[in-house]
Amino acid sequence: MQSSADRIAEPWGARTPYGRHQRWPTRVDTHLAEGIGPDTVEHWVQTASLLHSDGDAMDIAVADGRIAGVRGRAGDRVNRGRLGPKDLFGWQANASPDRLNRPLVRDGDRLVESDWDTAMNRVTSRSRDLLVERGPGSIGFYTTGQLFLEEYYTLTVLARAGIGTNHLDGNTRLCTATAAEALKETFGCDGQPGSFDDIDHADVIALFGHNIAETQPVQWMRILDRLDGTDPPRLLCVDPRPTPVARAAAVHLAPRPGTNLALLNALLHETIRHDRTDPDYIRAHTVGYDELATRVQDCTPRWAADICDIPAARISEAAELLGTADRLLSTVLQGVYQSHQATAAAVQINNLHLIRGMLGKPGAGILQMNGQPTAQNTRECGANGDLPGFRNWQNDRHVADLAAVWNVEPTTIPHYAPPTHAMQMFRYAEQGSIRMLWISGTNPAVSLPELARVRSILTQRRLFVVVQDLFLTETAQLADVVLPAATWGEKTGTFTNADRTVHLSDRAVPPPGDARSDLDIFLDYAARMDFRDKDDGPLITWHDPESAFEAWKRCSAGRPCDYTGLSYAKLRGGSGIQWPVNDRAPEGTPRLYTDGISWAHPEVCESYGKDLETGATVSPVEYRSLNPDGKAVLKAAAYLTPHETPSQEYPFQLTTGRTLYHFHTRTKTGRVPQLNRAAPDVWVEISTQDAERLDLAEGDLVEVRTPRGALQGRLRPTGLRPGVLFVPFHYGYWDTPAGSAPDATTPGRAANETTITDWDPASKQPLFKTAAAALTRLARGDGTPAPAPTTTASAPTTATVAATTGGPAAHATQDPGPTPDSRKDHR
Amino acid sequence: MNGIKIALRTLHHGERHLIGDLTTLAERHRTEHEVHHVATDVAAWSEEHLRRLADTAPHYDLDLSGPPEDSPDGILATLRKKASEAVGRRPEPGLLLLHDLRDVHLAAAHNSLHWEMLAQAAQAAKDPRLLALASACHPQTLRQMRWTNTMIKNLSPQILTSL
């Protein structure tokens with residue numbers, strides 16, 4: 001039966017319950033523009049979602065040469081037809097009237113319309129001058145988690161072998177660097193161990209700092225469907241906010257921000273104390289158990305209870321849930337990755353699975369998640385502070401192998417130090433040793449911590465800033481050259497989601513005006529710079545998405561992220577496919593490490609690891625002696641006090657985060673009516689207890705201040721942990737009179753006005769979850785509630801706030817799948 | 001047992017000296033955020049070493065519990081020295097950072113060798129208390145060295161090629 005729902009009011013749609021080990025039923029979600037029906041759609045073009053990391057497969061409806069809607073792909077392994085609110089409505093941003101359609105160049109205080117020749121000549125002449133005067137280290141590239149694989153790979157080759165700079169990183173540093181680092185620390189190599197299919201089989205699902213209901217809503221639909229079916233899983237939720245996950249959890253822990261490692265060490269302590277370990281697995285597949293056991297020996301629930309400020313009994317209860325699971329699935333996201341001791345904490349979740357032998361079996365898996373749709377490709381293509389194909393910069397044979405693929409000398413590729421991470425690149429720009437920064441598909445003037453500092457860096461006269469984007473973002477307004485880019489639906493390429501599923505995304509319509517795909521822009525730059533290989537041939541030998549993909553396949557051959565068995569033809573029409581895909585696994589690989597640990601051997605591993613507390617690099621010799629046989633490494637770490645703790649002046653702990661309806665800095669979602677109306681402006685969440693104590697109420701206008709800066713928003717009391725404030729980080733200034741920064745007309749609105757410049761020493765991921773802050777009321781509410789959704793973790797505790805709805809424009813249909821699947825079991 | 005007394009005293013002095021160097025590093029390079037925070041974190045290890053040394057000392061008829069000696073290597077003296085260096089020679093901030101990291105590394109290496117000597121003496125004297133002390137502290141000293149070595153390795157290419 002077809003049904004229809006307001007998918008702003010009901011973000012997760014109708015339930016299709018299913019039992020453990022059964023196949024998740026299909027449900028095809030469709031939303032078409034007003035006046036368009038399935039019969040008036042001219043053609044459907046295959047793609048997957050671009051506004052989160054789930055990789056929901058969908059088809060774009062094209063009518064009258066325009067994108068007119070989307071429909072989930074019933075046959076895809078990831079979503080079986082379902083779409084989330086951002087999938088259903090986000091496409092409308094493509095046709096926004098303020099899309100950039102001409103290059104812009106700086107003329108004094110203004111950016112003026114220009115043409116590609118003029119703009120690119122400015123970029124290439126500055127590049128050449130800098131190469132001559134200051135060398136390749138004066139040029140940096142800061143990219144994103146939102147381009148396509150072919151684009152990252154091309155960027156990597158031109159930056160690392162063309163320019164020869166070590167300074168290339170992605171904004172993935174802000175969202176997924178810890179996932180990658182935690183996997184490298186434990187398994188020697190990046191690569192998601194688990195699969196979304198593990199949700200079908202697990203009897204316990206533990207979500208650590210992962211509000212999956214809002215970050216990957218389609219997988220939350222899957223969990224909800226299992227909760228409504230027979231033999232449902234029990235959930236453990238670790239989150240200071242009353243998220244939809246917390247409300248559905250059997251055990252919800254809301255620890256004090258910054259104390260994840262203490263909690264996890266206590267959970268490990270309990271697991272070991274109760275003999276809930278798998279000694280055979282530990283012996284066969286790990287090293288370091290004794291050190292881990294010693295490290296957590298004194299980390300009792302009582303010890304952690306004081307640090308985390310949660311009752312010891314609750315910690316024991318959580319440990320029992322984890323320790324008695326038959327098939328345990330754990331997922332991890334920003335509550336761990338952007339918090340104090342990020343990598344050390346994320347690694348303990350890997351350790352928990354290893355000592356319990358919960359890996360590589362259906363339902364027993366780890367999902368160290370990503371935030372962005374193509375972050376996995378940023379990582380594997382070498383645009384995220386690693387070498388392509390998860391090659392090891394400390395291993396000369398890996399570098400030689402890469403040099404052979406590129407036909408350059410190994411010395412052409414900087415590998416005397418790890419590739420520079422984003423926060424360090426901005427520091428070099430601040431110091432003046434980086435003089436050109438090319439920013440593609442990201443908006444650091446809103447998304448980096450401590451914005452006053454970031455703006456002061458980007459506006460230096462000596463720094464030449466190139467911004468490549470869809471809109472005149474806050475960052476683009478500060479640029480010297482702005483390059484208009486095509487987006488999803490306007491270009492072809494592939495991308496890989498958080499469980500290694502590769503999807504093809506075809507072009508449905510042409511880009512607006514003179515806008516070009518990011519691939520074409522990078523190819524144009526490489527051609528104008530005339531980058532050469534060691535035989536004086538062109539360094540970059542491809543010319544379009546498919547030939548770039550074929551080039552990447554050669555680079556990925558024999559590495560964990562092996563794409564050699566994939567092609568555009570294979571990806572077109574069917575389901576997405578999980579890498580590695582090669583001769584041994586022609587139809588892809590659901591789970592890594594089904595038969596032991598395969599990429600940790602000293603000869604093949606991507607990284608020898610780091611000291612989790614200092615970030616010091618482990619040397620090849622040390623690693624070889626620690627882990628000669630390439631097993632998983634059980635790394636222990638001690639809890640340290642967070643660097644900024646509440647004081648009398650700044651009594652609250654501030655955490656920032658996202659909401660279901662928006663993505664990043666709202667560059668797209670703020671231009672989508674249904675999404676924007678659901679969460680139109682910034683707000684501040686506080687616990688009801690603190691609100692009562694301070695005589696504060698829903699809708700009060702408040703200021704949140706830290707030593708770095710301040711922002712204003714309306715207050716929303718919720719079931720948040722007392723002592724904590726939450727501010728969504730999506731809001732900036734492009735849709736205010738101020739433009740790119742707060743001024744006399746516009747008070748601070750971006751959460752990052754207040755955040756601290758501090759990062760995890762191992763993953764270099766900035767900490768957005770542990771700043772100390774003060775709260776002041778500026779005006780009592782006038783009856784207007786906070787502009788925060790009621791459907792999500794920001795749900796109010798008072799009943800007087802009108803529910804978030806989307807009205808008729810937010811309706812989407814939900815159809816049962818084409819053929820009900822009768823198979824009882826699947827693996 | 002005079003040698004052990006000397007070793008303990010030397011280590012106490014050396015750890016205190018290292019705290020001074022780490023404090024200088026953290027304070028002077030606040031805008032190098034990672035250096036600032038990690039220097040503060042690993043200085044806490046040396047604080048812990050000082051406490052353990054002070055706790056052990058009475059067993060060897062030694063008192064290491066007093067306030068910092070007013071030696072030329074005291075924290076304030078070090079701060080003053082470094083500040084004057086900064087003003088006097090006006091090196092590039094990047095160069096100063098490398099030099100300060102080097103000083104910390106050398107101070108940690110100094111301590112590492114003395115922890116090694118203490119551990120050897122403990123074994124020769126069959127003194128489990130002393131061996132436990134060295135075994136608990138020495139690994140952290142080595143980590144302080146690895147950290148400064150990593151930072152120098154990672155930062156020096158950019159700093160030295162951009163002067």
# chains A, B, ... in the order shown; residues from 1 in each chain; ligands from 1
$ residues_around --residues "Ser162 (chain B)" --least-positions-apart "6" --cutoff "9 Å" --atoms "only C-alpha atoms" --output "list in words"
Arg134, Gly135, Gly137, Ser138, Gly432, Ser433 and Ile434 of chain A
$ closest_atom_pairs --of "chain B" --to "chain A" --cutoff "6 Å" --atoms "only C-alpha atoms" --output "Markdown table"
| residue | atom | partner | partner_atom | distance |
| --- | --- | --- | --- | --- |
| B:Arg146 | CA | A:Ala616 | CA | 5.7 |
| B:Trp147 | CA | A:Ala616 | CA | 4.4 |
| B:Thr150 | CA | A:Ala616 | CA | 5.4 |
| B:Asn154 | CA | A:Ala417 | CA | 5.3 |
| B:Ser162 | CA | A:Ser433 | CA | 5.7 |
$ select_by_dssp --residues "region 556-787 of chain A" --states "strand (DSSP E)" --output "ChimeraX atom specification"
/A:577-578,632-633,652-657,683-687,701-705,710-718,724-728,771-779
$ write_last_selection --atoms "C-alpha atoms" --output "compact mmCIF listing (two decimals), in the first residue's frame"
# COMPACT_ATOMS: atom_id res chain seq x y z
CA ILE A 577 29.28 -2.46 -4.06
CA GLN A 578 31.58 -2.62 -1.02
CA ALA A 632 45.66 -6.15 15.76
CA VAL A 633 47.30 -3.86 18.31
CA PHE A 652 29.22 25.55 31.56
CA GLN A 653 30.68 22.96 29.20
CA LEU A 654 29.80 23.85 25.62
CA THR A 655 29.39 21.22 22.95
CA THR A 656 28.51 21.89 19.34
CA GLY A 657 26.88 19.57 16.85
CA TRP A 683 19.58 28.21 19.12
CA VAL A 684 21.11 27.28 22.48
CA GLU A 685 20.15 24.13 24.39
CA ILE A 686 20.30 23.96 28.16
CA SER A 687 19.12 21.36 30.67
CA LEU A 701 17.52 35.50 24.03
CA VAL A 702 20.88 34.47 25.45
CA GLU A 703 24.55 35.03 24.81
CA VAL A 704 27.06 32.18 24.98
CA ARG A 705 30.55 33.46 25.66
CA ALA A 710 30.39 34.97 21.68
CA LEU A 711 27.17 34.16 19.90
CA GLN A 712 23.50 34.89 20.49
CA GLY A 713 20.49 32.67 20.11
CA ARG A 714 17.16 31.72 21.61
CA LEU A 715 17.15 29.25 24.45
CA ARG A 716 15.67 25.75 24.36
CA PRO A 717 15.49 23.83 27.66
CA THR A 718 15.71 20.08 26.98
CA VAL A 724 26.21 21.40 29.46
CA LEU A 725 25.18 23.81 26.69
CA PHE A 726 24.65 22.69 23.10
CA VAL A 727 24.78 24.93 20.03
CA PRO A 728 24.30 23.71 16.43
CA ALA A 771 34.92 24.34 25.73
CA ALA A 772 34.09 26.17 28.95
CA ALA A 773 31.41 28.82 28.46
CA ALA A 774 29.31 31.45 30.20
CA LEU A 775 25.63 32.03 29.56
CA THR A 776 23.88 35.39 29.94
CA ARG A 777 20.28 36.30 29.27
CA LEU A 778 20.00 39.36 27.03
CA ALA A 779 16.20 39.50 26.91
$ residues_around --residues "Asp100 (chain B)" --least-positions-apart "2" --cutoff "9 Å" --atoms "only C-alpha atoms" --output "compact mmCIF listing (two decimals) with C-alpha atoms, in the first residue's frame"
# COMPACT_ATOMS: atom_id res chain seq x y z
CA ASP B 21 61.64 23.71 30.02
CA LEU B 22 58.20 22.28 29.25
CA THR B 24 58.59 27.62 29.00
CA LEU B 25 57.71 25.80 25.81
CA LYS B 82 64.22 32.29 27.54
CA LEU B 95 63.26 28.86 14.81
CA LEU B 96 62.72 29.63 18.47
CA LEU B 97 60.14 26.86 18.60
CA LEU B 98 62.61 24.37 17.17
CA ARG B 102 65.39 20.76 21.21
CA ASP B 103 66.03 21.96 24.75
CA VAL B 104 63.14 19.87 26.05
CA HIS B 105 64.39 16.87 24.13
$ select_by_dssp --residues "chain B" --states "helix (DSSP H, G or I)" --output "JSON, numbers by chain"
{"B": [2, 3, 4, 5, 6, 7, 8, 9, 10, 11, 12, 13, 14, 15, 16, 17, 18, 19, 20, 21, 22, 23, 24, 25, 26, 27, 28, 33, 34, 35, 36, 37, 38, 39, 40, 41, 42, 43, 44, 45, 46, 47, 48, 49, 50, 51, 52, 53, 54, 55, 56, 57, 58, 59, 60, 75, 76, 77, 78, 79, 80, 81, 82, 83, 84, 85, 86, 87, 88, 89, 93, 94, 95, 96, 97, 98, 99, 100, 101, 102, 103, 104, 105, 106, 107, 108, 109, 110, 111, 112, 113, 114, 115, 116, 117, 118, 119, 120, 121, 122, 123, 124, 128, 129, 130, 131, 132, 133, 134, 135, 136, 137, 138, 139, 140, 141, 142, 143, 144, 145, 146, 147, 148, 149, 150, 151, 152, 153, 154, 155, 156, 157, 158, 159, 160, 161]}
$ residues_around --residues "Met1 (chain A)" --least-positions-apart "6" --cutoff "10 Å" --atoms "only C-alpha atoms" --output "PyMOL selection string"
chain A and resi 814-817
$ atom_distance --atom1 "CA of Gln394 (chain A)" --atom2 "CA of Asp535 (chain A)"
25.9 Å
$ residues_around --residues "Glu15 (chain B)" --least-positions-apart "2" --cutoff "7 Å" --atoms "only C-alpha atoms" --output "list in words"
Leu11, His12, His13, His17, Leu18, Ile19, Ser46, Leu50 and Asn111 of chain B
$ residues_around --residues "Arg500 (chain A)" --least-positions-apart "5" --cutoff "9 Å" --atoms "only C-alpha atoms" --output "list of chain:residue names"
A:Gly191, A:Gln192, A:Ser195, A:Gln376, A:Cys561, A:Ile577, A:Gln578, A:Trp579, A:Pro580, A:Thr589, A:Pro590
$ residues_around --residues "Lys668 (chain A)" --least-positions-apart "4" --cutoff "8 Å" --atoms "only C-alpha atoms" --output "list in words"
Gly90, Ala93, Asn94, Phe663 and Val672 of chain A
$ write_last_selection --atoms "N, CA and C atoms" --output "compact mmCIF listing (two decimals), in the first residue's frame"
# COMPACT_ATOMS: atom_id res chain seq x y z
N GLY A 90 16.90 18.02 -0.51
CA GLY A 90 18.15 18.76 -0.68
C GLY A 90 18.47 19.15 -2.11
N ALA A 93 18.46 22.80 -3.84
CA ALA A 93 19.50 23.83 -3.73
C ALA A 93 20.26 24.01 -5.04
N ASN A 94 20.32 22.94 -5.85
CA ASN A 94 21.05 23.04 -7.12
C ASN A 94 20.54 24.21 -7.97
N PHE A 663 23.16 20.47 6.97
CA PHE A 663 24.45 19.85 6.69
C PHE A 663 25.50 20.95 6.70
N VAL A 672 17.09 25.33 0.97
CA VAL A 672 16.01 24.38 0.69
C VAL A 672 14.85 24.71 1.62
$ atom_distance --atom1 "CA of Thr343 (chain A)" --atom2 "CA of Tyr153 (chain A)"
26.2 Å
$ closest_residue --among "A:Val801, A:Met436, A:Ala180, A:Arg559" --to "Asp129 (chain A)" --atoms "only C-alpha atoms"
A:Met436
$ closest_residue --among "A:Ile212, A:Leu83, A:Leu50, A:Ala57" --to "Thr243 (chain A)" --atoms "only C-alpha atoms"
A:Ile212
